[in-house]
file target08.csv (CSV, N, CA and C atoms)
chain,number,residue,atom,x,y,z
A,7,ASP,N,14.6,-11.7,0.9
A,7,ASP,CA,13.9,-11.2,2.0
A,7,ASP,C,12.8,-10.2,1.5
A,8,LEU,N,11.7,-10.3,2.1
A,8,LEU,CA,10.5,-9.5,1.7
A,8,LEU,C,10.8,-8.0,1.7
A,9,TRP,N,11.4,-7.5,2.8
A,9,TRP,CA,11.6,-6.0,3.0
A,9,TRP,C,12.5,-5.5,1.8
A,10,PHE,N,13.5,-6.3,1.5
A,10,PHE,CA,14.4,-5.9,0.4
A,10,PHE,C,13.6,-5.8,-0.9
A,11,ARG,N,12.7,-6.8,-1.2
A,11,ARG,CA,12.0,-6.8,-2.4
A,11,ARG,C,11.0,-5.6,-2.5
A,12,LEU,N,10.3,-5.3,-1.4
A,12,LEU,CA,9.4,-4.1,-1.4
A,12,LEU,C,10.1,-2.8,-1.5
A,13,ARG,N,11.3,-2.7,-0.8
A,13,ARG,CA,12.0,-1.5,-0.8
A,13,ARG,C,12.5,-1.2,-2.2
A,14,ASN,N,12.9,-2.2,-2.9
A,14,ASN,CA,13.4,-2.0,-4.3
A,14,ASN,C,12.4,-2.1,-5.4
A,15,LEU,N,11.1,-2.2,-5.0
A,15,LEU,CA,10.0,-2.3,-6.0
A,15,LEU,C,10.0,-0.9,-6.7
A,16,ARG,N,10.1,-0.9,-8.0
A,16,ARG,CA,10.1,0.4,-8.7
A,16,ARG,C,8.6,0.8,-9.1
A,17,TRP,N,8.4,2.0,-8.9
A,17,TRP,CA,7.1,2.6,-9.3
A,17,TRP,C,7.0,2.7,-10.8
A,18,PRO,N,5.9,2.3,-11.5
A,18,PRO,CA,5.9,2.5,-12.9
A,18,PRO,C,6.0,3.9,-13.4
A,19,GLN,N,6.7,4.1,-14.5
A,19,GLN,CA,6.8,5.5,-15.0
A,19,GLN,C,5.6,5.9,-15.7
A,20,SER,N,4.8,5.0,-16.2
A,20,SER,CA,3.6,5.3,-17.0
A,20,SER,C,2.4,4.8,-16.1
A,21,THR,N,1.3,5.6,-16.1
A,21,THR,CA,0.1,5.1,-15.4
A,21,THR,C,-0.6,4.0,-16.1
A,22,GLU,N,-0.2,3.8,-17.4
A,22,GLU,CA,-0.9,2.7,-18.1
A,22,GLU,C,-0.3,1.3,-17.8
A,23,ARG,N,0.9,1.3,-17.2
A,23,ARG,CA,1.6,0.1,-16.9
A,23,ARG,C,1.1,-0.4,-15.5
A,24,GLU,N,1.0,-1.7,-15.3
A,24,GLU,CA,0.6,-2.2,-14.0
A,24,GLU,C,1.8,-2.2,-13.1
A,25,LEU,N,1.6,-2.2,-11.8
A,25,LEU,CA,2.6,-2.3,-10.8
A,25,LEU,C,3.2,-3.7,-10.9
A,26,PRO,N,4.5,-3.8,-10.8
A,26,PRO,CA,5.2,-5.2,-10.8
A,26,PRO,C,4.6,-6.0,-9.7
A,27,MET,N,4.2,-7.2,-9.9
A,27,MET,CA,3.6,-8.0,-8.9
A,27,MET,C,4.5,-9.1,-8.4
A,28,LEU,N,4.4,-9.4,-7.2
A,28,LEU,CA,5.0,-10.6,-6.6
A,28,LEU,C,3.9,-11.7,-6.5
A,29,PRO,N,4.1,-12.9,-6.9
A,29,PRO,CA,3.1,-13.9,-7.0
A,29,PRO,C,2.3,-14.2,-5.7
A,30,TRP,N,2.8,-13.9,-4.6
A,30,TRP,CA,2.1,-14.2,-3.3
A,30,TRP,C,1.3,-13.0,-2.8
A,31,PHE,N,1.2,-11.9,-3.6
A,31,PHE,CA,0.5,-10.7,-3.2
A,31,PHE,C,-0.6,-10.4,-4.2
A,32,ALA,N,-1.7,-9.8,-3.7
A,32,ALA,CA,-2.7,-9.3,-4.5
A,32,ALA,C,-2.7,-7.7,-4.4
A,33,LEU,N,-3.1,-7.0,-5.4
A,33,LEU,CA,-3.2,-5.6,-5.4
A,33,LEU,C,-4.6,-5.1,-5.2
A,34,VAL,N,-4.7,-4.2,-4.3
A,34,VAL,CA,-6.0,-3.5,-4.0
A,34,VAL,C,-5.8,-2.0,-4.3
A,35,SER,N,-6.6,-1.4,-5.1
A,35,SER,CA,-6.5,0.0,-5.4
A,35,SER,C,-7.7,0.8,-4.8
A,36,VAL,N,-7.4,1.9,-4.3
A,36,VAL,CA,-8.4,2.8,-3.7
A,36,VAL,C,-8.1,4.2,-4.3
A,37,GLN,N,-9.2,4.8,-4.9
A,37,GLN,CA,-9.0,6.2,-5.4
A,37,GLN,C,-10.2,7.0,-5.3
A,38,GLY,N,-10.0,8.3,-5.3
A,38,GLY,CA,-11.2,9.2,-5.2
A,38,GLY,C,-10.8,10.3,-4.2
A,39,PRO,N,-11.6,11.4,-4.2
A,39,PRO,CA,-11.3,12.5,-3.4
A,39,PRO,C,-11.3,12.2,-1.9
A,40,ASP,N,-12.1,11.2,-1.4
A,40,ASP,CA,-12.1,10.9,0.0
A,40,ASP,C,-11.2,9.7,0.3
A,41,SER,N,-10.4,9.2,-0.6
A,41,SER,CA,-9.6,8.0,-0.4
A,41,SER,C,-8.7,8.1,0.8
A,42,GLU,N,-8.0,9.3,1.0
A,42,GLU,CA,-7.1,9.4,2.1
A,42,GLU,C,-7.8,9.4,3.4
A,43,ALA,N,-8.9,10.1,3.5
A,43,ALA,CA,-9.7,10.1,4.8
A,43,ALA,C,-10.2,8.7,5.1
A,44,PHE,N,-10.7,8.0,4.1
A,44,PHE,CA,-11.2,6.6,4.2
A,44,PHE,C,-10.1,5.7,4.8
A,45,LEU,N,-9.0,5.7,4.1
A,45,LEU,CA,-7.9,4.8,4.5
A,45,LEU,C,-7.3,5.2,5.9
A,46,GLN,N,-7.2,6.5,6.2
A,46,GLN,CA,-6.7,6.9,7.5
A,46,GLN,C,-7.6,6.4,8.6
A,47,ALA,N,-8.9,6.3,8.3
A,47,ALA,CA,-9.8,5.8,9.4
A,47,ALA,C,-9.7,4.3,9.5
A,48,GLN,N,-9.2,3.6,8.5
A,48,GLN,CA,-9.2,2.2,8.5
A,48,GLN,C,-7.8,1.6,9.0
A,49,LEU,N,-6.7,2.3,8.7
A,49,LEU,CA,-5.4,1.8,8.9
A,49,LEU,C,-4.7,2.5,10.0
A,50,ALA,N,-3.7,1.7,10.6
A,50,ALA,CA,-2.9,2.2,11.7
A,50,ALA,C,-1.6,2.7,11.2
A,51,CYS,N,-1.6,3.9,10.6
A,51,CYS,CA,-0.4,4.6,10.1
A,51,CYS,C,-0.8,6.0,9.7
A,52,ASP,N,0.2,6.9,9.7
A,52,ASP,CA,-0.1,8.3,9.4
A,52,ASP,C,0.1,8.5,7.9
A,53,LEU,N,-1.0,8.5,7.1
A,53,LEU,CA,-0.9,8.6,5.7
A,53,LEU,C,-0.5,10.0,5.2
A,54,ARG,N,-0.6,11.0,6.0
A,54,ARG,CA,-0.3,12.4,5.6
A,54,ARG,C,1.2,12.5,5.3
A,55,GLN,N,2.0,11.6,6.0
A,55,GLN,CA,3.5,11.7,5.8
A,55,GLN,C,4.0,10.9,4.6
A,56,LEU,N,3.1,10.1,3.9
A,56,LEU,CA,3.5,9.3,2.8
A,56,LEU,C,3.4,10.1,1.5
A,57,LEU,N,4.6,10.3,0.9
A,57,LEU,CA,4.7,11.0,-0.3
A,57,LEU,C,4.3,10.2,-1.5
A,58,PRO,N,3.8,10.8,-2.6
A,58,PRO,CA,3.5,10.1,-3.8
A,58,PRO,C,4.6,9.2,-4.3
A,59,GLN,N,4.3,8.1,-4.8
A,59,GLN,CA,5.2,7.1,-5.4
A,59,GLN,C,6.2,6.5,-4.3
A,60,ARG,N,5.7,6.5,-3.1
A,60,ARG,CA,6.5,5.9,-2.0
A,60,ARG,C,5.6,4.8,-1.3
A,61,TRP,N,6.2,3.9,-0.6
A,61,TRP,CA,5.5,2.8,0.1
A,61,TRP,C,5.7,2.9,1.6
A,62,ARG,N,4.8,2.3,2.3
A,62,ARG,CA,4.9,2.2,3.8
A,62,ARG,C,4.1,1.0,4.3
A,63,TYR,N,4.6,0.4,5.3
A,63,TYR,CA,3.8,-0.7,5.9
A,63,TYR,C,2.6,-0.1,6.7
A,64,ALA,N,1.5,-0.8,6.7
A,64,ALA,CA,0.3,-0.4,7.4
A,64,ALA,C,-0.4,-1.6,8.0
A,65,ALA,N,-1.2,-1.4,9.0
A,65,ALA,CA,-2.0,-2.4,9.6
A,65,ALA,C,-3.4,-2.1,9.5
A,66,TRP,N,-4.3,-3.0,9.1
A,66,TRP,CA,-5.7,-2.9,9.1
A,66,TRP,C,-6.3,-3.4,10.4
A,67,CYS,N,-6.9,-2.6,11.2
A,67,CYS,CA,-7.4,-3.0,12.5
A,67,CYS,C,-8.9,-3.2,12.5
A,68,GLU,N,-9.3,-4.2,13.3
A,68,GLU,CA,-10.7,-4.4,13.5
A,68,GLU,C,-11.3,-3.3,14.5
A,69,ALA,N,-12.6,-3.3,14.8
A,69,ALA,CA,-13.2,-2.3,15.6
A,69,ALA,C,-12.6,-2.2,17.0
A,70,ARG,N,-12.1,-3.3,17.5
A,70,ARG,CA,-11.6,-3.2,18.9
A,70,ARG,C,-10.1,-2.8,18.9
A,71,GLY,N,-9.5,-2.5,17.7
A,71,GLY,CA,-8.1,-2.1,17.6
A,71,GLY,C,-7.1,-3.2,17.4
A,72,LYS,N,-7.6,-4.5,17.3
A,72,LYS,CA,-6.8,-5.6,17.1
A,72,LYS,C,-6.4,-5.7,15.6
A,73,VAL,N,-5.1,-6.0,15.3
A,73,VAL,CA,-4.6,-6.0,13.9
A,73,VAL,C,-5.3,-7.2,13.2
A,74,ASP,N,-6.0,-6.9,12.1
A,74,ASP,CA,-6.6,-8.0,11.3
A,74,ASP,C,-5.5,-8.5,10.3
A,75,HIS,N,-4.8,-7.6,9.6
A,75,HIS,CA,-3.7,-8.0,8.7
A,75,HIS,C,-2.9,-6.8,8.4
A,76,THR,N,-1.7,-7.1,7.9
A,76,THR,CA,-0.8,-6.0,7.5
A,76,THR,C,-0.6,-6.0,6.0
A,77,MET,N,-0.1,-4.8,5.5
A,77,MET,CA,0.0,-4.7,4.0
A,77,MET,C,1.1,-3.6,3.8
A,78,ALA,N,1.6,-3.6,2.5
A,78,ALA,CA,2.4,-2.5,2.1
A,78,ALA,C,1.5,-1.6,1.3
A,79,LEU,N,1.5,-0.3,1.7
A,79,LEU,CA,0.6,0.7,1.1
A,79,LEU,C,1.5,1.7,0.3
A,80,GLY,N,1.1,2.0,-0.9
A,80,GLY,CA,1.8,2.9,-1.8
A,80,GLY,C,0.8,4.0,-2.2
A,81,ARG,N,1.4,5.2,-2.2
A,81,ARG,CA,0.6,6.4,-2.6
A,81,ARG,C,0.9,6.7,-4.1
A,82,ALA,N,-0.1,6.5,-5.0
A,82,ALA,CA,0.2,6.7,-6.4
A,82,ALA,C,0.1,8.2,-6.8
A,83,SER,N,-0.9,8.9,-6.1
A,83,SER,CA,-1.0,10.3,-6.4
A,83,SER,C,-1.8,10.9,-5.1
A,84,ALA,N,-2.2,12.1,-5.2
A,84,ALA,CA,-2.9,12.8,-4.1
A,84,ALA,C,-4.2,12.0,-3.7
A,85,ASP,N,-4.8,11.4,-4.6
A,85,ASP,CA,-6.1,10.7,-4.3
A,85,ASP,C,-6.1,9.2,-4.8
A,86,ALA,N,-5.0,8.6,-5.0
A,86,ALA,CA,-5.0,7.2,-5.4
A,86,ALA,C,-3.9,6.4,-4.6
A,87,TRP,N,-4.3,5.2,-4.2
A,87,TRP,CA,-3.5,4.4,-3.4
A,87,TRP,C,-3.5,3.0,-3.9
A,88,HIS,N,-2.4,2.2,-3.6
A,88,HIS,CA,-2.3,0.8,-3.9
A,88,HIS,C,-1.8,0.1,-2.7
A,89,ALA,N,-2.5,-1.0,-2.4
A,89,ALA,CA,-2.1,-1.9,-1.3
A,89,ALA,C,-1.7,-3.2,-1.8
A,90,LEU,N,-0.5,-3.7,-1.3
A,90,LEU,CA,-0.1,-5.1,-1.6
A,90,LEU,C,-0.5,-5.9,-0.4
A,91,VAL,N,-1.4,-6.8,-0.5
A,91,VAL,CA,-1.9,-7.7,0.6
A,91,VAL,C,-1.6,-9.1,0.2
A,92,PRO,N,-1.5,-10.0,1.3
A,92,PRO,CA,-1.3,-11.4,1.0
A,92,PRO,C,-2.4,-11.9,0.1
A,93,ALA,N,-2.1,-12.7,-0.9
A,93,ALA,CA,-3.0,-13.2,-1.9
A,93,ALA,C,-4.1,-14.1,-1.3
A,94,GLU,N,-3.8,-14.8,-0.2
A,94,GLU,CA,-4.8,-15.6,0.4
A,94,GLU,C,-5.9,-14.9,1.2
A,95,ARG,N,-5.8,-13.6,1.4
A,95,ARG,CA,-6.8,-12.8,2.1
A,95,ARG,C,-7.9,-12.6,1.2
call {"tool": "encode", "arguments": {"input": "target08.csv", "output": "structure tokens"}}
result
Amino acid sequence: DLWFRLRNLRWPQSTERELPMLPWFALVSVQGPDSEAFLQAQLACDLRQLLPQRWRYAAWCEARGKVDHTMALGRASADAWHALVPAER
């Protein structure tokens, strides 16, 4: 089951290692001093509560507030994020 796999996904101990990938997902990385503000404006979840090296489900909404797609969002550090999105997106 997908929730079990994401919940047990281990964060890499070294920043040089890639995140372990599931074949049906693609990884999108966002980083920089304004990354949290950018993502908070785009996603329907409270990113301030997400601690580094933790994951949370998030929804990316269109301008009218309708969910375009969902993802698992991980906080790598204070200004770096990783999103696991379906590979076909």
call {"tool": "closest_residue", "arguments": {"input": "target08.csv", "among": "A:Leu57, A:Ala43, A:Ala50, A:Ala64", "to": "A:Ala89", "atoms": "only C-alpha atoms"}}
result
A:Ala64
call {"tool": "atom_distance", "arguments": {"input": "target08.csv", "atom1": "atom N of A:Trp87", "atom2": "atom CA of A:Arg70"}}
result
25.6 Å
call {"tool": "residues_around", "arguments": {"input": "target08.csv", "residues": "stretch 27-41 of chain A", "least_positions_apart": "2", "cutoff": "8 Å", "atoms": "only N, CA and C atoms", "output": "PyMOL selection string"}}
result
chain A and resi 24-25+43-47+84-95
call {"tool": "atom_distance", "arguments": {"input": "target08.csv", "atom1": "atom CA of A:Arg62", "atom2": "atom CA of A:His75"}}
result
14.2 Å
call {"tool": "atom_distance", "arguments": {"input": "target08.csv", "atom1": "atom CA of A:Ala69", "atom2": "atom CA of A:Ala82"}}
result
27.3 Å
call {"tool": "build_atoms", "arguments": {"input": "target08.csv", "residues": "stretch 71-82 of chain A", "atoms": "all heavy atoms", "output": "tab-separated table (two decimals), keeping the file's coordinate frame"}}
result
chain	number	residue	atom	x	y	z
A	71	GLY	N	-9.50	-2.50	17.70
A	71	GLY	CA	-8.10	-2.10	17.60
A	71	GLY	C	-7.10	-3.20	17.40
A	71	GLY	O	-5.95	-3.01	17.32
A	72	LYS	N	-7.60	-4.50	17.30
A	72	LYS	CA	-6.80	-5.60	17.10
A	72	LYS	C	-6.40	-5.70	15.60
A	72	LYS	O	-7.22	-5.49	14.70
A	72	LYS	CB	-7.51	-6.86	17.47
A	72	LYS	CG	-6.69	-8.07	17.66
A	72	LYS	CD	-7.58	-9.17	18.26
A	72	LYS	CE	-6.84	-10.47	18.32
A	72	LYS	NZ	-7.71	-11.53	18.82
A	73	VAL	N	-5.10	-6.00	15.30
A	73	VAL	CA	-4.60	-6.00	13.90
A	73	VAL	C	-5.30	-7.20	13.20
A	73	VAL	O	-5.16	-8.35	13.66
A	73	VAL	CB	-3.10	-6.11	13.83
A	73	VAL	CG1	-2.64	-6.34	12.40
A	73	VAL	CG2	-2.48	-4.84	14.38
A	74	ASP	N	-6.00	-6.90	12.10
A	74	ASP	CA	-6.60	-8.00	11.30
A	74	ASP	C	-5.50	-8.50	10.30
A	74	ASP	O	-5.35	-9.74	10.15
A	74	ASP	CB	-7.79	-7.49	10.54
A	74	ASP	CG	-8.54	-8.58	9.82
A	74	ASP	OD1	-8.62	-9.70	10.37
A	74	ASP	OD2	-9.04	-8.33	8.72
A	75	HIS	N	-4.80	-7.60	9.60
A	75	HIS	CA	-3.70	-8.00	8.70
A	75	HIS	C	-2.90	-6.80	8.40
A	75	HIS	O	-3.29	-5.66	8.57
A	75	HIS	CB	-4.19	-8.77	7.46
A	75	HIS	CG	-5.05	-8.01	6.52
A	75	HIS	ND1	-6.40	-7.88	6.69
A	75	HIS	CD2	-4.76	-7.31	5.40
A	75	HIS	CE1	-6.91	-7.14	5.72
A	75	HIS	NE2	-5.92	-6.78	4.92
A	76	THR	N	-1.70	-7.10	7.90
A	76	THR	CA	-0.80	-6.00	7.50
A	76	THR	C	-0.60	-6.00	6.00
A	76	THR	O	-1.01	-6.89	5.26
A	76	THR	CB	0.60	-6.21	8.13
A	76	THR	OG1	1.11	-7.47	7.70
A	76	THR	CG2	0.51	-6.16	9.63
A	77	MET	N	-0.10	-4.80	5.50
A	77	MET	CA	0.00	-4.70	4.00
A	77	MET	C	1.10	-3.60	3.80
A	77	MET	O	1.58	-2.93	4.67
A	77	MET	CB	-1.26	-4.13	3.45
A	77	MET	CG	-1.61	-2.72	3.91
A	77	MET	SD	-3.25	-2.16	3.43
A	77	MET	CE	-4.25	-3.13	4.53
A	78	ALA	N	1.60	-3.60	2.50
A	78	ALA	CA	2.40	-2.50	2.10
A	78	ALA	C	1.50	-1.60	1.30
A	78	ALA	O	0.77	-1.97	0.40
A	78	ALA	CB	3.51	-3.04	1.15
A	79	LEU	N	1.50	-0.30	1.70
A	79	LEU	CA	0.60	0.70	1.10
A	79	LEU	C	1.50	1.70	0.30
A	79	LEU	O	2.44	2.25	0.81
A	79	LEU	CB	-0.16	1.41	2.17
A	79	LEU	CG	-1.20	2.41	1.71
A	79	LEU	CD1	-2.37	1.68	1.06
A	79	LEU	CD2	-1.69	3.25	2.87
A	80	GLY	N	1.10	2.00	-0.90
A	80	GLY	CA	1.80	2.90	-1.80
A	80	GLY	C	0.80	4.00	-2.20
A	80	GLY	O	-0.33	3.80	-2.49
A	81	ARG	N	1.40	5.20	-2.20
A	81	ARG	CA	0.60	6.40	-2.60
A	81	ARG	C	0.90	6.70	-4.10
A	81	ARG	O	2.05	7.03	-4.44
A	81	ARG	CB	0.91	7.61	-1.79
A	81	ARG	CG	0.04	8.79	-2.11
A	81	ARG	CD	0.31	9.93	-1.15
A	81	ARG	NE	-0.86	10.77	-1.08
A	81	ARG	CZ	-1.22	11.47	-0.03
A	81	ARG	NH1	-0.49	11.44	1.06
A	81	ARG	NH2	-2.30	12.21	-0.06
A	82	ALA	N	-0.10	6.50	-5.00
A	82	ALA	CA	0.20	6.70	-6.40
A	82	ALA	C	0.10	8.20	-6.80
A	82	ALA	O	0.85	8.71	-7.57
A	82	ALA	CB	-0.87	5.96	-7.24
